[in-house]
There are 2 protein chains.
Amino acid sequence: MSKTEHRHAIGVDFGGTSVKIALVDDRGNIAARERIITEHVKDRDEWLSAVCGAIDTLKGDTPITGVGVGVPGFVDFDRGYIYDLPNVPGWNGVPLADLLEQRLQVPVRIDNDVNAMALGECTFGAGRTYQHAVFVTLGTGVGGALMINNQLYRGAYSMAGEIGHVSIDMNGRVSPQGKGGVEQYVGNRRIIERTVEALEKGRASMIDELVKGDRSLITPKTVKDAADKGDPLAMEILDFITDCIATAFASIAYVLQPQAFIIGGGVAQEADMMFDLIRLHIEERLSPHFYKRLEIKPAELGPDAGMIGCATLGLIK
Amino acid sequence: MSKTEHRHAIGVDFGGTSVKIALVDDRGNIAARERIITEHVKDRDEWLSAVCGAIDTLKGDTPITGVGVGVPGFVDFDRGYIYDLPNVPGWNGVPLADLLEQRLQVPVRIDNDVNAMALGECTFGAGRTYQHAVFVTLGTGVGGALMINNQLYRGAYSMAGEIGHVSIDMNGRVSPQGKGGVEQYVGNRRIIERTVEALEKGRASMIDELVKGDRSLITPKTVKDAADKGDPLAMEILDFITDCIATAFASIAYVLQPQAFIIGGGVAQEADMMFDLIRLHIEERLSPHFYKRLEIKPAELGPDAGMIGCATLGLIK
């Protein structure tokens, strides 16, 4: 397949530790890729030079329709403007689209990384057949993005999709974002805390064996491995976590009635059991009119989802 | 203002006890109205004849762009088809748009009554300046409808906006729609139950005086009147109810980031205090990024909202 048969775009997945850049075609295939380690670039100017240099190398003679950049934080999509990247210093109030367009002379779109991933999954991945879908990342926190009528819906001020703050308990755990947000119960750290608390109370579990007694080594994967082997404590914890997720999903389903929830991110990758449990609990929590028409699916694009999604932002017709 | 300067449509607000029909212009003004008592019509054929007769009388020589019908139940908007009206027997599986179009020879749109009201409020009422708004009815139950990009968003299968089933407590009150749905805490009947329970436990309150000791006369309005006069029990109940509403609203705001919530229906009509309390509790439950840009407003079209909203469905360009 020659390059000229397809449109191409560049995706820039701007993470805290590295910037992953790819040339992607309009079927979602990566043609070439590059990676820049964040700590190797001194400041924003060096970042811009390194990224633009990598883009020039990657595209070579291939014409591109645009560049999409996904960033870990808050943006104004319409203006291509970064408000704030909570975990990356030096990027408050940056008109990144303008800065890149001046150097690259192609259209540049900036969005937050979860929106970019959702766009990729809903164009080329697990959501490609749906018009209305909710994309969710389960990992350190819980993120989300909404596809409505085949388009990302960003809300009134580019901040929609904050699924992690949907309350599952009006008197629950307090955070700066409110009370009882589902993220306060199902994030990676909460899974670990919950497990350690139970073990410290003397609950018997094979988890101690799996980490050879060093509880600082417990990860969400440890809990899932133990649950796969039938460990009652691990199963109880997974049951609780998935019921919390199901509670938030059911609320969202009653409001939006999407065709599907598509789950990406660390927690969800390797866990069929998680999906079975989430489906089970959602069925308990939704009327059949809503449940029988709702799919709960894992994301399909894997570790390249970020780059592909960012490039999708740049695949401008 | 002569009738020919404006487009006109007919709104048919199909309720359990009566059918309210109006000729409405494209500024949302009612030019003429009619009412049919449901128990005066024997069956569906009589209903159709009575409604079509009233429409002919109302419109006279005025050209109309269409007819909009709002019904208390589940519809397929695209097909103009009624699935089921839970409180009106004899209307399961009725292709109402087709039946009316055959007789009237103008386009007919069918939607559920809350969607129709939301459309009216967002075109001519409290929501007219917003592109993204959530419309909520507080009354016997809690209903809702979503305006996204200036259009009603009906979800994948015409059932979006079921705000009453958003869970505020994952282990809360059980209903056929799940656990902890906000409607289980704030509906008219629950307000009354909660009040009577507290009184029966011996709580002192002026509510007993207001109903002259006959607790079967307690209504949500009794509670609001007592709260207005500073009654501690009534204030406590209103505080709880508004916090429940705020919990659901905050969850919805994090997902959709609308510009406004617009509240209609019985409970909300006469209660400034309710709005103040809802705002107070939402502020506690939302990050400032979301709260400071969110309006909470009462609906403006009053008892005619249904007819005006239905007619808006029929104001086809």
# chains A, B, ... in the order shown; residues from 1 in each chain; ligands from 1
>>> interface_residues(of="chain B", to="chain A", cutoff="7 Å", atoms="only C-alpha atoms", output="ChimeraX atom specification")
/B:132,155-156,159-163,165-170,176-179,247,251,254-259,284-287
>>> select_by_dssp(residues="range 25-241 of chain B", states="alpha helix (DSSP H)", output="number ranges by chain")
B: 44-59, 96-104, 113-124, 183-186, 188-200, 207-210, 220-228, 232-241
>>> select_by_dssp(residues="range 30-68 of chain A", states="strand (DSSP E)", output="ChimeraX atom specification")
/A:30-37,67-68
>>> closest_residue(among="A:Asp111, A:Glu46, A:Glu197, A:Glu101", to="Val12 in chain A", atoms="only C-alpha atoms")
A:Asp111
>>> residues_around(residues="Gly314 in chain B", least_positions_apart="3", cutoff="7 Å", atoms="only C-alpha atoms", output="list in words")
Ala9, Ile10, Thr65, Gly66, Val67, Gly68, Val108, Arg109, Cys310 and Ala311 of chain B
>>> residues_around(residues="range 75-87 of chain A", least_positions_apart="5", cutoff="7 Å", atoms="only C-alpha atoms", output="JSON, numbers by chain")
{"A": [16, 92, 93, 94, 95, 96, 97, 109, 110, 111, 112, 158]}
>>> residues_around(residues="Arg189 in chain B", least_positions_apart="6", cutoff="12 Å", atoms="only C-alpha atoms", output="list in words")
Leu138, Gly139, Thr140, Gly141, Val142, Glu183, Thr195, Val196, Ser216, Ile218, Thr219, Pro220, Lys221 and Val267 of chain B
>>> closest_residue(among="A:Asp13, A:Asp26, A:Asp239, A:Glu5", to="Val69 in chain A", atoms="only C-alpha atoms")
A:Asp13
>>> atom_distance(atom1="CA of Leu23 in chain B", atom2="CA of Gly125 in chain B")
17.3 Å
>>> decode(residues="range 27-42 of chain A", atoms="all heavy atoms", output="PDB file, in the first residue's frame")
ATOM      1  N   ARG A  27      -6.387   4.919   8.249  1.00  0.00           N
ATOM      2  CA  ARG A  27      -6.982   3.686   8.772  1.00  0.00           C
ATOM      3  C   ARG A  27      -6.520   3.409  10.199  1.00  0.00           C
ATOM      4  O   ARG A  27      -6.777   2.332  10.744  1.00  0.00           O
ATOM      5  CB  ARG A  27      -6.609   2.501   7.887  1.00  0.00           C
ATOM      6  CG  ARG A  27      -7.277   2.580   6.527  1.00  0.00           C
ATOM      7  CD  ARG A  27      -6.995   1.361   5.721  1.00  0.00           C
ATOM      8  NE  ARG A  27      -7.589   1.498   4.404  1.00  0.00           N
ATOM      9  CZ  ARG A  27      -7.498   0.577   3.457  1.00  0.00           C
ATOM     10  NH1 ARG A  27      -6.824  -0.541   3.690  1.00  0.00           N
ATOM     11  NH2 ARG A  27      -8.074   0.757   2.290  1.00  0.00           N
ATOM     12  N   GLY A  28      -5.754   4.344  10.755  1.00  0.00           N
ATOM     13  CA  GLY A  28      -5.292   4.183  12.127  1.00  0.00           C
ATOM     14  C   GLY A  28      -4.012   3.367  12.246  1.00  0.00           C
ATOM     15  O   GLY A  28      -3.646   2.957  13.354  1.00  0.00           O
ATOM     16  N   ASN A  29      -3.317   3.155  11.126  1.00  0.00           N
ATOM     17  CA  ASN A  29      -2.057   2.405  11.182  1.00  0.00           C
ATOM     18  C   ASN A  29      -0.876   3.351  11.387  1.00  0.00           C
ATOM     19  O   ASN A  29      -0.790   4.388  10.737  1.00  0.00           O
ATOM     20  CB  ASN A  29      -1.840   1.633   9.876  1.00  0.00           C
ATOM     21  CG  ASN A  29      -2.930   0.608   9.663  1.00  0.00           C
ATOM     22  OD1 ASN A  29      -3.244  -0.169  10.556  1.00  0.00           O
ATOM     23  ND2 ASN A  29      -3.543   0.640   8.476  1.00  0.00           N
ATOM     24  N   ILE A  30       0.034   2.939  12.265  1.00  0.00           N
ATOM     25  CA  ILE A  30       1.233   3.738  12.511  1.00  0.00           C
ATOM     26  C   ILE A  30       2.276   3.408  11.449  1.00  0.00           C
ATOM     27  O   ILE A  30       2.666   2.243  11.286  1.00  0.00           O
ATOM     28  CB  ILE A  30       1.776   3.464  13.923  1.00  0.00           C
ATOM     29  CG1 ILE A  30       0.786   4.027  14.955  1.00  0.00           C
ATOM     30  CG2 ILE A  30       3.167   4.082  14.103  1.00  0.00           C
ATOM     31  CD1 ILE A  30       1.216   3.855  16.397  1.00  0.00           C
ATOM     32  N   ALA A  31       2.727   4.438  10.713  1.00  0.00           N
ATOM     33  CA  ALA A  31       3.716   4.241   9.649  1.00  0.00           C
ATOM     34  C   ALA A  31       5.136   4.426  10.178  1.00  0.00           C
ATOM     35  O   ALA A  31       6.078   3.811   9.667  1.00  0.00           O
ATOM     36  CB  ALA A  31       3.451   5.219   8.504  1.00  0.00           C
ATOM     37  N   ALA A  32       5.305   5.259  11.168  1.00  0.00           N
ATOM     38  CA  ALA A  32       6.637   5.503  11.749  1.00  0.00           C
ATOM     39  C   ALA A  32       6.442   6.155  13.102  1.00  0.00           C
ATOM     40  O   ALA A  32       5.422   6.814  13.343  1.00  0.00           O
ATOM     41  CB  ALA A  32       7.444   6.424  10.825  1.00  0.00           C
ATOM     42  N   ARG A  33       7.408   5.956  13.989  1.00  0.00           N
ATOM     43  CA  ARG A  33       7.256   6.522  15.331  1.00  0.00           C
ATOM     44  C   ARG A  33       8.568   6.999  15.925  1.00  0.00           C
ATOM     45  O   ARG A  33       9.641   6.598  15.481  1.00  0.00           O
ATOM     46  CB  ARG A  33       6.605   5.513  16.266  1.00  0.00           C
ATOM     47  CG  ARG A  33       7.450   4.267  16.501  1.00  0.00           C
ATOM     48  CD  ARG A  33       6.779   3.349  17.510  1.00  0.00           C
ATOM     49  NE  ARG A  33       5.678   2.592  16.937  1.00  0.00           N
ATOM     50  CZ  ARG A  33       4.662   2.112  17.637  1.00  0.00           C
ATOM     51  NH1 ARG A  33       4.601   2.310  18.939  1.00  0.00           N
ATOM     52  NH2 ARG A  33       3.711   1.418  17.045  1.00  0.00           N
ATOM     53  N   GLU A  34       8.473   7.842  16.925  1.00  0.00           N
ATOM     54  CA  GLU A  34       9.637   8.471  17.551  1.00  0.00           C
ATOM     55  C   GLU A  34       9.267   8.730  19.009  1.00  0.00           C
ATOM     56  O   GLU A  34       8.090   8.837  19.342  1.00  0.00           O
ATOM     57  CB  GLU A  34       9.906   9.798  16.809  1.00  0.00           C
ATOM     58  CG  GLU A  34      11.187  10.496  17.150  1.00  0.00           C
ATOM     59  CD  GLU A  34      12.404   9.657  16.778  1.00  0.00           C
ATOM     60  OE1 GLU A  34      12.705   9.518  15.571  1.00  0.00           O
ATOM     61  OE2 GLU A  34      13.048   9.135  17.725  1.00  0.00           O
ATOM     62  N   ARG A  35      10.325   8.822  19.861  1.00  0.00           N
ATOM     63  CA  ARG A  35      10.036   9.072  21.276  1.00  0.00           C
ATOM     64  C   ARG A  35      11.066  10.044  21.834  1.00  0.00           C
ATOM     65  O   ARG A  35      12.261   9.890  21.575  1.00  0.00           O
ATOM     66  CB  ARG A  35      10.081   7.740  22.028  1.00  0.00           C
ATOM     67  CG  ARG A  35       9.651   7.817  23.458  1.00  0.00           C
ATOM     68  CD  ARG A  35       9.194   6.428  23.937  1.00  0.00           C
ATOM     69  NE  ARG A  35       8.924   6.427  25.358  1.00  0.00           N
ATOM     70  CZ  ARG A  35       9.702   5.835  26.272  1.00  0.00           C
ATOM     71  NH1 ARG A  35      10.772   5.153  25.896  1.00  0.00           N
ATOM     72  NH2 ARG A  35       9.401   5.897  27.552  1.00  0.00           N
ATOM     73  N   ILE A  36      10.596  11.029  22.579  1.00  0.00           N
ATOM     74  CA  ILE A  36      11.496  12.003  23.200  1.00  0.00           C
ATOM     75  C   ILE A  36      11.318  11.893  24.714  1.00  0.00           C
ATOM     76  O   ILE A  36      10.193  11.945  25.219  1.00  0.00           O
ATOM     77  CB  ILE A  36      11.144  13.439  22.739  1.00  0.00           C
ATOM     78  CG1 ILE A  36      11.389  13.580  21.239  1.00  0.00           C
ATOM     79  CG2 ILE A  36      11.953  14.476  23.520  1.00  0.00           C
ATOM     80  CD1 ILE A  36      10.725  14.809  20.634  1.00  0.00           C
ATOM     81  N   ILE A  37      12.447  11.712  25.429  1.00  0.00           N
ATOM     82  CA  ILE A  37      12.363  11.616  26.888  1.00  0.00           C
ATOM     83  C   ILE A  37      12.277  13.030  27.465  1.00  0.00           C
ATOM     84  O   ILE A  37      13.097  13.897  27.160  1.00  0.00           O
ATOM     85  CB  ILE A  37      13.610  10.891  27.456  1.00  0.00           C
ATOM     86  CG1 ILE A  37      13.795   9.524  26.763  1.00  0.00           C
ATOM     87  CG2 ILE A  37      13.495  10.730  28.977  1.00  0.00           C
ATOM     88  CD1 ILE A  37      12.658   8.562  26.965  1.00  0.00           C
ATOM     89  N   THR A  38      11.226  13.255  28.272  1.00  0.00           N
ATOM     90  CA  THR A  38      10.950  14.612  28.746  1.00  0.00           C
ATOM     91  C   THR A  38      12.149  15.222  29.478  1.00  0.00           C
ATOM     92  O   THR A  38      12.468  16.391  29.279  1.00  0.00           O
ATOM     93  CB  THR A  38       9.718  14.613  29.676  1.00  0.00           C
ATOM     94  OG1 THR A  38       8.645  13.971  28.991  1.00  0.00           O
ATOM     95  CG2 THR A  38       9.304  16.026  30.033  1.00  0.00           C
ATOM     96  N   GLU A  39      12.853  14.440  30.286  1.00  0.00           N
ATOM     97  CA  GLU A  39      13.926  15.055  31.059  1.00  0.00           C
ATOM     98  C   GLU A  39      15.152  15.385  30.197  1.00  0.00           C
ATOM     99  O   GLU A  39      16.079  16.044  30.668  1.00  0.00           O
ATOM    100  CB  GLU A  39      14.311  14.201  32.285  1.00  0.00           C
ATOM    101  CG  GLU A  39      14.813  12.817  31.955  1.00  0.00           C
ATOM    102  CD  GLU A  39      15.094  12.010  33.233  1.00  0.00           C
ATOM    103  OE1 GLU A  39      14.474  12.303  34.288  1.00  0.00           O
ATOM    104  OE2 GLU A  39      15.929  11.098  33.163  1.00  0.00           O
ATOM    105  N   HIS A  40      15.171  14.956  28.942  1.00  0.00           N
ATOM    106  CA  HIS A  40      16.259  15.334  28.039  1.00  0.00           C
ATOM    107  C   HIS A  40      16.066  16.732  27.431  1.00  0.00           C
ATOM    108  O   HIS A  40      16.975  17.238  26.779  1.00  0.00           O
ATOM    109  CB  HIS A  40      16.409  14.320  26.893  1.00  0.00           C
ATOM    110  CG  HIS A  40      16.872  12.973  27.361  1.00  0.00           C
ATOM    111  ND1 HIS A  40      17.013  11.884  26.531  1.00  0.00           N
ATOM    112  CD2 HIS A  40      17.234  12.533  28.599  1.00  0.00           C
ATOM    113  CE1 HIS A  40      17.414  10.837  27.239  1.00  0.00           C
ATOM    114  NE2 HIS A  40      17.549  11.208  28.493  1.00  0.00           N
ATOM    115  N   VAL A  41      14.875  17.300  27.577  1.00  0.00           N
ATOM    116  CA  VAL A  41      14.660  18.659  27.051  1.00  0.00           C
ATOM    117  C   VAL A  41      14.553  19.641  28.203  1.00  0.00           C
ATOM    118  O   VAL A  41      13.845  19.396  29.174  1.00  0.00           O
ATOM    119  CB  VAL A  41      13.408  18.750  26.144  1.00  0.00           C
ATOM    120  CG1 VAL A  41      13.697  18.137  24.789  1.00  0.00           C
ATOM    121  CG2 VAL A  41      12.202  18.092  26.775  1.00  0.00           C
ATOM    122  N   LYS A  42      15.283  20.755  28.069  1.00  0.00           N
ATOM    123  CA  LYS A  42      15.497  21.674  29.187  1.00  0.00           C
ATOM    124  C   LYS A  42      14.272  22.552  29.452  1.00  0.00           C
ATOM    125  O   LYS A  42      13.859  22.728  30.589  1.00  0.00           O
ATOM    126  CB  LYS A  42      16.703  22.560  28.828  1.00  0.00           C
ATOM    127  CG  LYS A  42      17.297  23.392  29.943  1.00  0.00           C
ATOM    128  CD  LYS A  42      18.623  24.018  29.485  1.00  0.00           C
ATOM    129  CE  LYS A  42      18.417  25.339  28.756  1.00  0.00           C
ATOM    130  NZ  LYS A  42      18.669  25.365  27.332  1.00  0.00           N
TER     131      LYS A  42
END
